[in-house]
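Novice: What follows is model_31.tsv, made up of TSV, C-alpha atoms:
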```
chain	number	residue	atom	x	y	z
A	196	MET	CA	-22.70	39.10	-54.89
A	197	ASN	CA	-25.85	40.58	-56.41
A	198	GLY	CA	-29.43	39.93	-55.35
A	199	ALA	CA	-30.16	37.45	-58.11
A	200	SER	CA	-27.25	35.23	-57.07
A	201	GLN	CA	-28.35	35.30	-53.45
A	202	ASP	CA	-31.87	34.32	-54.44
A	203	PHE	CA	-30.53	31.47	-56.56
A	204	LEU	CA	-28.43	30.08	-53.73
A	205	ARG	CA	-31.26	30.42	-51.27
A	206	ARG	CA	-33.44	28.26	-53.46
A	207	LEU	CA	-30.81	25.50	-53.63
A	208	THR	CA	-32.00	22.73	-51.40
A	209	THR	CA	-29.76	19.91	-50.18
A	210	PRO	CA	-31.23	17.36	-52.65
A	211	LEU	CA	-30.70	19.72	-55.54
A	212	LEU	CA	-27.12	20.34	-54.46
A	213	LEU	CA	-26.52	16.58	-54.30
A	214	LEU	CA	-27.99	16.20	-57.76
A	215	VAL	CA	-25.56	18.80	-59.13
A	216	LEU	CA	-22.61	16.97	-57.56
A	217	VAL	CA	-23.76	13.59	-58.87
A	218	CYS	CA	-24.10	15.06	-62.34
A	219	CYS	CA	-20.56	16.47	-62.18
A	220	PHE	CA	-19.26	13.08	-61.00
A	221	SER	CA	-21.02	11.31	-63.86
A	222	PHE	CA	-19.78	13.82	-66.41
A	223	GLY	CA	-16.18	13.27	-65.32
A	224	ALA	CA	-16.59	9.50	-65.49
A	225	VAL	CA	-18.25	9.58	-68.92
A	226	VAL	CA	-15.55	11.84	-70.39
A	227	ARG	CA	-12.79	9.64	-68.98
A	228	ALA	CA	-14.35	6.43	-70.29
A	229	ALA	CA	-14.96	8.00	-73.71
A	230	LEU	CA	-11.31	9.04	-73.96
A	231	ALA	CA	-10.16	5.53	-73.14
A	232	ALA	CA	-12.52	4.00	-75.72
A	233	ASP	CA	-11.36	6.38	-78.46
A	234	ASN	CA	-7.74	5.63	-77.81
A	235	PHE	CA	-7.31	1.91	-77.35
A	236	HIS	CA	-9.60	-0.98	-76.66
A	237	THR	CA	-10.05	-4.71	-77.08
A	238	THR	CA	-12.39	-6.33	-79.57
A	239	CYS	CA	-11.14	-9.88	-79.16
A	240	VAL	CA	-7.60	-8.51	-79.63
A	241	PRO	CA	-6.10	-5.29	-78.21
A	242	HIS	CA	-5.79	-2.55	-80.81
A	243	GLY	CA	-5.80	1.19	-81.16
A	244	PHE	CA	-3.74	4.35	-81.05
A	245	VAL	CA	-0.77	3.91	-78.70
A	246	HIS	CA	1.17	6.90	-77.44
A	247	GLY	CA	4.95	6.70	-76.98
A	248	ASN	CA	6.65	8.12	-73.91
A	249	SER	CA	4.28	11.10	-73.78
A	250	PHE	CA	1.24	12.58	-75.49
A	251	SER	CA	3.30	15.18	-77.34
A	252	ASP	CA	6.70	13.75	-78.31
A	253	GLY	CA	5.56	12.88	-81.85
A	254	SER	CA	6.15	9.17	-81.23
A	255	PHE	CA	2.98	7.11	-81.56
A	256	PHE	CA	1.72	3.87	-83.06
A	257	ALA	CA	-1.22	2.38	-84.88
A	258	ARG	CA	-1.31	-1.12	-83.49
A	259	VAL	CA	-3.25	-4.37	-83.86
A	260	ASP	CA	-2.25	-7.41	-81.84
A	261	PRO	CA	-2.54	-10.91	-83.35
A	262	GLY	CA	-5.04	-13.48	-82.18
A	263	CYS	CA	-8.64	-14.66	-82.53
A	264	GLY	CA	-7.85	-16.54	-85.74
A	265	SER	CA	-6.95	-13.44	-87.71
A	266	THR	CA	-4.40	-13.78	-90.52
A	267	LEU	CA	-4.41	-10.24	-91.95
A	268	ARG	CA	-4.09	-6.97	-90.05
A	269	ARG	CA	-3.81	-3.40	-91.28
A	270	CYS	CA	-2.73	-0.36	-89.26
A	271	ASP	CA	-2.56	3.05	-90.95
A	272	LEU	CA	-1.69	6.46	-89.56
A	273	TYR	CA	-3.44	9.70	-90.52
A	274	THR	CA	-2.65	13.26	-89.44
A	275	TRP	CA	-5.07	16.13	-89.97
A	276	GLY	CA	-7.14	13.63	-91.94
A	277	SER	CA	-4.40	12.74	-94.45
A	278	PHE	CA	-2.76	9.35	-94.84
A	279	VAL	CA	0.88	9.56	-93.67
A	280	GLY	CA	1.89	5.89	-93.71
A	281	GLY	CA	0.76	2.42	-92.89
A	282	GLN	CA	1.48	-1.24	-92.56
A	283	THR	CA	-0.18	-4.52	-93.47
A	284	VAL	CA	0.93	-7.79	-91.86
A	285	THR	CA	-0.09	-11.36	-92.37
A	286	GLY	CA	0.33	-14.59	-90.42
A	287	SER	CA	-1.13	-15.78	-87.14
A	288	SER	CA	1.40	-14.26	-84.75
A	289	ALA	CA	2.67	-10.93	-86.09
A	290	THR	CA	1.66	-7.62	-84.55
A	291	CYS	CA	0.77	-4.80	-86.91
A	292	ASN	CA	2.80	-1.91	-85.53
A	293	ALA	CA	3.04	1.28	-87.61
A	294	TRP	CA	5.32	3.78	-85.84
A	295	SER	CA	4.93	7.46	-86.68
A	296	SER	CA	8.70	8.06	-86.70
A	297	ASP	CA	9.10	5.53	-89.50
A	298	PHE	CA	7.05	7.81	-91.75
A	299	GLY	CA	8.07	11.32	-90.68
A	300	THR	CA	7.29	13.94	-88.05
A	301	PHE	CA	3.62	14.58	-87.29
A	302	THR	CA	1.34	16.39	-84.85
A	303	GLU	CA	0.44	13.67	-82.35
A	304	CYS	CA	-2.81	15.12	-81.05
A	305	ALA	CA	-4.19	15.53	-84.60
A	306	SER	CA	-3.44	11.93	-85.56
A	307	THR	CA	-5.58	8.85	-85.86
A	308	ALA	CA	-5.04	5.12	-86.26
A	309	HIS	CA	-7.14	3.44	-88.96
A	310	LEU	CA	-7.29	-0.26	-88.21
A	311	ALA	CA	-8.70	-3.43	-89.71
A	312	ASN	CA	-8.40	-7.09	-88.76
A	313	SER	CA	-9.82	-9.73	-91.08
A	314	GLY	CA	-12.56	-11.80	-89.49
A	315	VAL	CA	-12.26	-9.99	-86.15
A	316	PHE	CA	-13.28	-6.35	-86.69
A	317	SER	CA	-13.82	-4.11	-89.66
A	318	ASP	CA	-12.11	-0.86	-90.58
A	319	HIS	CA	-12.48	1.79	-87.89
A	320	VAL	CA	-10.68	4.78	-86.41
A	321	HIS	CA	-9.03	5.44	-83.04
A	322	LYS	CA	-8.05	8.98	-82.10
A	323	ALA	CA	-5.16	10.21	-79.99
A	324	ALA	CA	-6.11	10.37	-76.31
A	325	ASN	CA	-5.43	14.12	-76.34
A	326	TRP	CA	-7.33	14.65	-79.58
A	327	CYS	CA	-7.06	18.19	-80.96
A	328	GLY	CA	-7.98	17.66	-84.61
B	234	MET	CA	-21.80	26.83	-43.63
B	235	ARG	CA	-22.84	29.50	-46.06
B	236	LEU	CA	-22.78	28.35	-49.70
B	237	THR	CA	-21.22	30.78	-52.17
B	238	PRO	CA	-20.88	30.34	-55.94
B	239	VAL	CA	-17.13	29.82	-55.48
B	240	LYS	CA	-17.68	26.98	-53.01
B	241	LEU	CA	-20.34	25.46	-55.24
B	242	GLY	CA	-17.98	25.57	-58.23
B	243	ALA	CA	-15.18	23.99	-56.20
B	244	ALA	CA	-17.49	21.21	-55.06
B	245	ALA	CA	-18.60	20.58	-58.65
B	246	LEU	CA	-14.97	20.39	-59.84
B	247	ALA	CA	-14.11	18.01	-57.02
B	248	ALA	CA	-17.07	15.81	-57.93
B	249	GLY	CA	-15.96	15.78	-61.58
B	250	ALA	CA	-12.42	14.81	-60.60
B	251	LEU	CA	-13.79	12.02	-58.44
B	252	GLY	CA	-15.75	10.80	-61.44
B	253	VAL	CA	-12.58	10.73	-63.57
B	254	SER	CA	-10.75	8.79	-60.84
B	255	ALA	CA	-13.57	6.29	-60.48
B	256	ALA	CA	-13.72	5.68	-64.24
B	257	SER	CA	-9.93	5.30	-64.38
B	258	ALA	CA	-10.12	2.54	-61.82
B	259	VAL	CA	-12.49	0.69	-64.15
B	260	VAL	CA	-10.94	1.30	-67.58
B	261	GLY	CA	-7.33	1.39	-66.40
B	262	ALA	CA	-4.69	4.00	-66.97
B	263	LEU	CA	-4.39	5.57	-70.41
B	264	PRO	CA	-2.25	3.21	-72.49
B	265	THR	CA	0.84	5.35	-72.95
B	266	SER	CA	3.39	2.57	-72.81
B	267	THR	CA	4.98	1.06	-75.86
B	268	PRO	CA	3.87	-2.43	-76.85
B	269	GLN	CA	5.39	-4.89	-74.39
B	270	SER	CA	5.99	-7.62	-76.91
B	271	SER	CA	7.96	-5.24	-79.16
B	272	VAL	CA	10.39	-3.94	-76.52
B	273	PRO	CA	13.91	-4.86	-77.71
B	274	VAL	CA	16.55	-6.72	-75.78
B	275	VAL	CA	19.50	-4.34	-76.09
B	276	GLY	CA	22.36	-6.07	-77.88
B	277	SER	CA	20.13	-8.46	-79.81
B	278	GLU	CA	19.82	-6.11	-82.78
B	279	SER	CA	21.58	-6.39	-86.12
B	280	ILE	CA	21.31	-4.54	-89.41
B	281	GLY	CA	20.76	-6.33	-92.73
B	282	PRO	CA	20.16	-7.19	-95.41
B	283	ILE	CA	20.43	-3.96	-97.42
B	284	ALA	CA	18.57	-3.25	-100.66
B	285	PRO	CA	19.03	-0.35	-103.08
B	286	ASP	CA	16.27	2.23	-103.43
B	287	PRO	CA	14.46	1.77	-106.78
B	288	GLU	CA	15.22	5.35	-107.79
B	289	GLY	CA	18.72	5.69	-106.38
B	290	ASP	CA	17.95	7.38	-103.07
B	291	LEU	CA	19.36	6.11	-99.76
B	292	ASP	CA	19.53	2.34	-99.42
B	293	TRP	CA	16.86	0.48	-97.50
B	294	ALA	CA	17.80	-1.82	-94.65
B	295	LEU	CA	16.30	-4.02	-91.99
B	296	ARG	CA	16.95	-3.90	-88.28
B	297	VAL	CA	16.12	-7.20	-86.64
B	298	TYR	CA	16.05	-7.81	-82.90
B	299	THR	CA	14.58	-10.04	-80.21
B	300	SER	CA	11.97	-8.59	-77.89
B	301	THR	CA	11.88	-8.98	-74.13
B	302	SER	CA	9.06	-11.50	-74.55
B	303	GLY	CA	11.19	-13.56	-76.94
B	304	ALA	CA	9.44	-12.46	-80.14
B	305	SER	CA	11.35	-12.08	-83.39
B	306	CYS	CA	11.11	-8.48	-84.59
B	307	VAL	CA	11.91	-6.65	-87.78
B	308	GLU	CA	11.91	-2.97	-88.67
B	309	VAL	CA	12.53	-1.38	-92.05
B	310	GLY	CA	14.45	1.88	-92.52
B	311	ARG	CA	17.13	3.69	-94.51
B	312	LEU	CA	20.88	3.51	-94.18
B	313	SER	CA	23.18	6.53	-94.20
B	314	GLY	CA	26.86	6.25	-93.27
B	315	GLY	CA	26.15	2.91	-91.63
B	316	ARG	CA	23.46	4.42	-89.42
B	317	PHE	CA	19.86	3.16	-89.39
B	318	GLY	CA	17.08	5.72	-89.68
B	319	GLN	CA	14.44	7.27	-91.90
B	320	ILE	CA	14.07	10.28	-94.15
B	321	ASP	CA	11.47	12.93	-93.45
B	322	ALA	CA	9.19	14.95	-95.75
B	323	ARG	CA	12.14	17.16	-96.75
B	324	ASN	CA	14.26	14.10	-97.57
B	325	ALA	CA	16.50	14.70	-94.55
B	326	PHE	CA	17.89	11.63	-92.80
B	327	HIS	CA	17.20	11.06	-89.09
B	328	VAL	CA	18.72	8.28	-87.00
B	329	LEU	CA	16.11	6.06	-85.35
B	330	PRO	CA	17.24	4.74	-81.97
B	331	LEU	CA	16.45	1.15	-81.08
B	332	ASP	CA	12.90	1.22	-79.74
B	333	ALA	CA	9.76	-0.87	-79.47
B	334	SER	CA	9.04	-0.08	-83.07
B	335	GLY	CA	9.45	-3.40	-84.82
B	336	THR	CA	6.88	-5.74	-86.28
B	337	CYS	CA	7.12	-8.78	-84.05
B	338	GLY	CA	5.92	-12.35	-84.26
B	339	ASP	CA	6.58	-15.93	-83.30
B	340	LEU	CA	8.67	-17.81	-85.87
B	341	THR	CA	7.80	-21.11	-84.20
B	342	ALA	CA	4.13	-20.46	-85.02
B	343	ASP	CA	4.62	-18.99	-88.52
B	344	PRO	CA	7.46	-19.76	-90.93
B	345	THR	CA	7.67	-16.04	-91.77
B	346	ILE	CA	6.75	-12.62	-90.42
B	347	LEU	CA	5.61	-10.70	-93.48
B	348	ALA	CA	4.72	-7.01	-93.70
B	349	VAL	CA	4.19	-4.30	-96.29
B	350	ASN	CA	4.83	-0.65	-95.42
B	351	VAL	CA	3.46	2.16	-97.57
B	352	TYR	CA	5.15	5.57	-97.56
B	353	PRO	CA	3.08	8.19	-99.39
B	354	ALA	CA	4.82	10.95	-101.33
B	355	ARG	CA	5.68	14.00	-99.25
B	356	ARG	CA	7.02	17.40	-100.19
B	357	ASP	CA	10.50	16.24	-101.27
B	358	ARG	CA	10.04	12.49	-100.99
B	359	GLU	CA	8.76	10.01	-103.56
B	360	ALA	CA	6.22	7.38	-102.58
B	361	ARG	CA	7.52	3.91	-101.76
B	362	THR	CA	6.07	0.52	-100.95
B	363	VAL	CA	8.34	-1.87	-99.07
B	364	VAL	CA	7.78	-5.61	-98.71
B	365	PHE	CA	9.81	-6.96	-95.81
B	366	GLY	CA	9.89	-9.64	-93.20
B	367	ARG	CA	11.81	-12.16	-91.22
B	368	ALA	CA	11.97	-15.79	-92.20
B	369	GLY	CA	12.43	-18.72	-89.86
B	370	PRO	CA	15.23	-21.29	-90.21
B	371	ASP	CA	13.11	-23.59	-92.40
B	372	VAL	CA	12.67	-21.03	-95.19
B	373	ALA	CA	14.76	-21.41	-98.34
B	374	GLY	CA	13.49	-18.47	-100.35
B	375	ALA	CA	10.86	-15.79	-100.96
B	376	LEU	CA	9.20	-14.72	-104.18
B	377	VAL	CA	7.28	-11.45	-104.46
B	378	ARG	CA	4.90	-11.03	-107.40
B	379	ARG	CA	2.65	-8.24	-108.53
B	380	ARG	CA	-0.79	-9.41	-109.61
B	381	ASP	CA	-0.63	-7.49	-112.88
B	382	GLY	CA	2.49	-9.41	-113.84
B	383	SER	CA	4.78	-6.37	-113.86
B	384	LEU	CA	7.00	-7.65	-111.04
B	385	GLN	CA	8.59	-10.89	-109.97
B	386	ALA	CA	11.47	-10.57	-107.50
B	387	ARG	CA	13.35	-12.81	-105.09
B	388	PRO	CA	14.72	-10.67	-102.23
B	389	ALA	CA	17.85	-12.05	-100.59
B	390	ILE	CA	17.38	-13.51	-97.12
B	391	GLY	CA	19.98	-12.24	-94.64
B	392	ALA	CA	21.81	-14.12	-91.93
B	393	ALA	CA	19.14	-13.31	-89.32
B	394	GLY	CA	16.33	-14.23	-91.72
B	395	GLY	CA	15.47	-10.69	-92.80
B	396	PHE	CA	14.43	-9.77	-96.33
B	397	VAL	CA	13.46	-6.43	-97.86
B	398	LEU	CA	12.18	-5.34	-101.26
B	399	PRO	CA	11.59	-1.59	-101.82
B	400	LEU	CA	9.34	-0.62	-104.75
B	401	ALA	CA	8.58	2.73	-106.35
B	402	GLY	CA	5.13	4.25	-105.83
B	403	MET	CA	2.23	3.29	-103.60
B	404	ILE	CA	1.05	-0.26	-104.19
B	405	ALA	CA	-1.75	-1.90	-102.24
B	406	ALA	CA	-0.50	-4.85	-100.18
B	407	SER	CA	-3.30	-6.90	-101.73
B	408	GLU	CA	-1.49	-6.58	-105.10
B	409	LEU	CA	1.68	-8.22	-103.77
B	410	PRO	CA	1.26	-11.91	-102.93
B	411	VAL	CA	4.40	-13.50	-101.52
B	412	THR	CA	5.36	-17.16	-101.94
B	413	ILE	CA	7.61	-18.63	-99.27
B	414	THR	CA	9.49	-21.81	-100.17
B	415	LEU	CA	10.43	-24.09	-97.31
B	416	ASP	CA	13.53	-26.29	-97.12
B	417	ASP	CA	11.46	-29.38	-97.94
B	418	GLY	CA	10.25	-27.80	-101.18
B	419	ARG	CA	6.73	-26.94	-100.05
B	420	ASN	CA	5.40	-23.48	-100.93
B	421	ARG	CA	3.23	-21.28	-98.78
B	422	VAL	CA	1.49	-18.29	-100.36
B	423	TYR	CA	0.84	-15.20	-98.22
B	424	ASP	CA	-2.01	-13.31	-99.78
B	425	LEU	CA	-2.44	-9.87	-98.22
B	426	SER	CA	-5.93	-9.24	-99.56
```
Using structure tokens, write down the structure that the file contains.
Specialist:
Amino acid sequence: MNGASQDFLRRLTTPLLLLVLVCCFSFGAVVRAALAADNFHTTCVPHGFVHGNSFSDGSFFARVDPGCGSTLRRCDLYTWGSFVGGQTVTGSSATCNAWSSDFGTFTECASTAHLANSGVFSDHVHKAANWCG
Amino acid sequence: MRLTPVKLGAAALAAGALGVSAASAVVGALPTSTPQSSVPVVGSESIGPIAPDPEGDLDWALRVYTSTSGASCVEVGRLSGGRFGQIDARNAFHVLPLDASGTCGDLTADPTILAVNVYPARRDREARTVVFGRAGPDVAGALVRRRDGSLQARPAIGAAGGFVLPLAGMIAASELPVTITLDDGRNRVYDLS
């Protein structure tokens, strides 16, 4: 260890050390919560990007559950920013469920679900939890 | 205890991991599971009806099944040698195993589950739009129209209530209103716009 490092550590007081640890704790929590929000959440009805058995098996869904008076739901899949397939459903009880394997073979971590639900939420995007695009 | 950069880094990593754990307890585990209401009851599935591709490629077919929550589900695919699957960007056929991949609904709440899938053109695959669904026992027929007047078709309804109509090209679902006729003669229009 050089002299500069020793000086730095010497100046670290207990409160400062605690502050560093609290910041690290908060950073971990914020990153985790952000990942969950990007992936899947509930705005009156559950919807989002749903992974299959793993984050990397190429099996994933764009999904919008029914409910909240909605009669029209759209769930589209994009990979590397390009539309690869999608579904529109109507009725009060049907789940919009676009499965990647129905449309081809795609890179899961570079994929997004583009979702809309009439009268409940407007068009918006959910990314894969392990986003790499 | 003497604090070294290594120990400080380890403590910071541990604090970050604790933060992730704490947030996970609040937001729940990452949703990796397949949709519960779409999970099939093995043995409940059947294939049909079958419809020809508009440009002579592999036939289209429905797979209908009941989910573990009792929902009626329907999935559209291609048929090759009696096997249900899909074709990829190179027009190669792949079998799709029975999975939680259907569009599911409650036929006691709605007379029909109605969906439109859009398949964009890929390297060796033409674009397709497929209107499909599953009708309840009170449905006598379905009529699919295109708003510009270029299409009017009545897809056959199979024994399990499935119907499928494949169309060439990419067509917005909003351009394809579907009229469902009930046994008592009443019509119900499903407007996907």
Novice: Between B:Asp332, B:Glu359, B:Asp321, B:Glu288, which residue has the minimum interatomic distance to chain A, considering all atoms listed in the file?
Specialist: B:Asp321
Novice: Under the rule that all atoms listed in the file are counted, which of A:Cys218, A:Cys270, A:Ala257, A:Val284 is the nearest residue to chain B?
Specialist: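 Using all atoms listed in the file, the shortest distance to chain B belongs to A:Val284.
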Novice: Distance atom CA of Val279 of chain A-atom CA of Gly402 of chain B, one decimal place?
Specialist: 13.9 Å
Novice: Any idea what's packed within 9 Å of Ser277 of chain A, counting all atoms listed in the file, ignoring anything in its chain fewer than 4 positions away? Could you give it as a ChimeraX atom specification?
Specialist: /A:272-273,306
Novice: Go ahead and save the residues from that selection, with C-alpha atoms, as a CSV table (one decimal), in the frame of the given file.
Specialist:
```
chain,number,residue,atom,x,y,z
A,272,LEU,CA,-1.7,6.5,-89.6
A,273,TYR,CA,-3.4,9.7,-90.5
A,306,SER,CA,-3.4,11.9,-85.6
```
Novice: Quick one: everything within 9 Å of Cys263 of chain A, counting all atoms listed in the file, minus sequence neighbours fewer than 4 positions away in the same chain. Send it as a CSV table (one decimal) with C-alpha atoms, in the frame of the given file.
Specialist:
```
chain,number,residue,atom,x,y,z
A,239,CYS,CA,-11.1,-9.9,-79.2
A,240,VAL,CA,-7.6,-8.5,-79.6
A,287,SER,CA,-1.1,-15.8,-87.1
A,314,GLY,CA,-12.6,-11.8,-89.5
A,315,VAL,CA,-12.3,-10.0,-86.2
```
Novice: Which is closer to chain B than all the others in A:Ser295, A:Gln282, A:Thr209, A:Thr307, using only C-alpha atoms?
Specialist: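 Checking each of A:Ser295, A:Gln282, A:Thr209, A:Thr307 against chain B, counting only C-alpha atoms, the winner is A:Gln282.
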Novice: Out of A:Gly264, A:Leu214, A:Ser288, A:Thr238, which residue has the shortest atom-to-atom distance to chain B when counting only C-alpha atoms?
Specialist: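 The answer is A:Ser288, which sits nearest to chain B.
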Novice: Would you pick out the contacts of Asn234 of chain A at 6 Å or less, using all atoms listed in the file, so that residues sharing its chain but fewer than 4 positions from it are not included, and give the list as a CSV table (one decimal) with C-alpha atoms, in the frame of the given file?
Specialist:
```csv
chain,number,residue,atom,x,y,z
A,243,GLY,CA,-5.8,1.2,-81.2
A,244,PHE,CA,-3.7,4.4,-81.0
A,321,HIS,CA,-9.0,5.4,-83.0
A,322,LYS,CA,-8.0,9.0,-82.1
A,323,ALA,CA,-5.2,10.2,-80.0
A,324,ALA,CA,-6.1,10.4,-76.3
```
Novice: Measuring atom to atom with all atoms listed in the file, identify which of A:Thr237, A:Thr266, A:Asn325, A:Thr283 is nearest to chain B.
Specialist: A:Thr283
Novice: Got a sec: who's within 8 Å of Arg269 of chain A, counting only C-alpha atoms, leaving out chain neighbours fewer than 5 positions off, as a VMD selection string?
Specialist: chain A and resid 259 281 to 284 291 309 to 312
Novice: Please check which residues have atoms at most 9 Å from (9.2, 6.1, -78.9) in the file's coordinates, counting all atoms listed in the file, and write them as a PyMOL selection string.
Specialist: (chain A and resi 246-249+252-256+294-296) or (chain B and resi 267+330+332-334)
Novice: Near Arg358 of chain B, within 8 Å and counting all atoms listed in the file, which residues show up once chain neighbours fewer than 5 positions away are dropped, as a ChimeraX atom specification?
Specialist: /B:321-324
Novice: Keeping only C-alpha atoms, write the selected residues to a file as an mmCIF file, in the coordinates of the input.
Specialist:
```
data_model
loop_
_atom_site.group_PDB
_atom_site.id
_atom_site.type_symbol
_atom_site.label_atom_id
_atom_site.label_comp_id
_atom_site.auth_asym_id
_atom_site.auth_seq_id
_atom_site.Cartn_x
_atom_site.Cartn_y
_atom_site.Cartn_z
ATOM 1 C CA ASP B 321 11.470 12.930 -93.450
ATOM 2 C CA ALA B 322 9.190 14.950 -95.750
ATOM 3 C CA ARG B 323 12.140 17.160 -96.750
ATOM 4 C CA ASN B 324 14.260 14.100 -97.570
#
```
Novice: May I ask which of the residues A:Ser221, A:Asn292, A:Thr285, A:Thr300 is the closest one to Gln319 of chain B, counting all atoms listed in the file?
Specialist: A:Thr300
Novice: Around the point (1.5, -11.8, -84.0), in the coordinates given by the file, pick out the residues reaching within 10 Å, counting all atoms listed in the file, and return them as a VMD selection string.
Specialist: (chain A and resid 259 to 262 265 to 266 268 284 to 291) or (chain B and resid 270 304 to 305 336 to 340 342 to 343 346)
Novice: What is the distance between atom CA of Ala250 of chain B and atom CA of Glu303 of chain A, in Å to one decimal?
Specialist: 25.3 Å
Novice: How many Å lie between atom CA of Gly314 of chain B and atom CA of Pro399 of chain B, rounded to one decimal?
Specialist: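 Taking atom CA of Gly314 of chain B as the start and atom CA of Pro399 of chain B as the end point, the length is 19.2 Å.
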Novice: Is there a way to complete segment 237-250 of chain A with N, CA and C atoms and then write that out as a PDB file, in the frame of the given file?
Specialist:
```
ATOM      1  N   THR A 237     -10.177  -3.313 -76.687  1.00  0.00           N
ATOM      2  CA  THR A 237     -10.050  -4.710 -77.080  1.00  0.00           C
ATOM      3  C   THR A 237     -11.353  -5.201 -77.676  1.00  0.00           C
ATOM      4  N   THR A 238     -11.299  -5.588 -78.949  1.00  0.00           N
ATOM      5  CA  THR A 238     -12.390  -6.330 -79.570  1.00  0.00           C
ATOM      6  C   THR A 238     -11.781  -7.663 -79.967  1.00  0.00           C
ATOM      7  N   CYS A 239     -11.818  -8.582 -79.045  1.00  0.00           N
ATOM      8  CA  CYS A 239     -11.140  -9.880 -79.160  1.00  0.00           C
ATOM      9  C   CYS A 239      -9.621  -9.722 -79.043  1.00  0.00           C
ATOM     10  N   VAL A 240      -9.032  -8.780 -79.792  1.00  0.00           N
ATOM     11  CA  VAL A 240      -7.600  -8.510 -79.630  1.00  0.00           C
ATOM     12  C   VAL A 240      -7.402  -7.024 -79.299  1.00  0.00           C
ATOM     13  N   PRO A 241      -6.375  -6.708 -78.499  1.00  0.00           N
ATOM     14  CA  PRO A 241      -6.100  -5.290 -78.210  1.00  0.00           C
ATOM     15  C   PRO A 241      -5.676  -4.558 -79.478  1.00  0.00           C
ATOM     16  N   HIS A 242      -6.166  -3.344 -79.641  1.00  0.00           N
ATOM     17  CA  HIS A 242      -5.790  -2.550 -80.810  1.00  0.00           C
ATOM     18  C   HIS A 242      -6.121  -1.092 -80.552  1.00  0.00           C
ATOM     19  N   GLY A 243      -5.465  -0.216 -81.286  1.00  0.00           N
ATOM     20  CA  GLY A 243      -5.800   1.190 -81.160  1.00  0.00           C
ATOM     21  C   GLY A 243      -4.632   2.108 -81.446  1.00  0.00           C
ATOM     22  N   PHE A 244      -4.757   3.304 -80.920  1.00  0.00           N
ATOM     23  CA  PHE A 244      -3.740   4.350 -81.050  1.00  0.00           C
ATOM     24  C   PHE A 244      -2.928   4.302 -79.770  1.00  0.00           C
ATOM     25  N   VAL A 245      -1.628   4.035 -79.886  1.00  0.00           N
ATOM     26  CA  VAL A 245      -0.770   3.910 -78.700  1.00  0.00           C
ATOM     27  C   VAL A 245       0.224   5.059 -78.680  1.00  0.00           C
ATOM     28  N   HIS A 246       0.217   5.808 -77.579  1.00  0.00           N
ATOM     29  CA  HIS A 246       1.170   6.900 -77.440  1.00  0.00           C
ATOM     30  C   HIS A 246       2.540   6.347 -77.045  1.00  0.00           C
ATOM     31  N   GLY A 247       3.596   7.085 -77.382  1.00  0.00           N
ATOM     32  CA  GLY A 247       4.950   6.700 -76.980  1.00  0.00           C
ATOM     33  C   GLY A 247       5.192   7.092 -75.532  1.00  0.00           C
ATOM     34  N   ASN A 248       6.306   7.761 -75.291  1.00  0.00           N
ATOM     35  CA  ASN A 248       6.650   8.120 -73.910  1.00  0.00           C
ATOM     36  C   ASN A 248       5.793   9.255 -73.361  1.00  0.00           C
ATOM     37  N   SER A 249       5.150  10.028 -74.246  1.00  0.00           N
ATOM     38  CA  SER A 249       4.280  11.100 -73.780  1.00  0.00           C
ATOM     39  C   SER A 249       3.211  11.343 -74.843  1.00  0.00           C
ATOM     40  N   PHE A 250       2.300  12.260 -74.540  1.00  0.00           N
ATOM     41  CA  PHE A 250       1.240  12.580 -75.490  1.00  0.00           C
ATOM     42  C   PHE A 250       1.701  13.554 -76.571  1.00  0.00           C
TER      43      PHE A 250
END
```
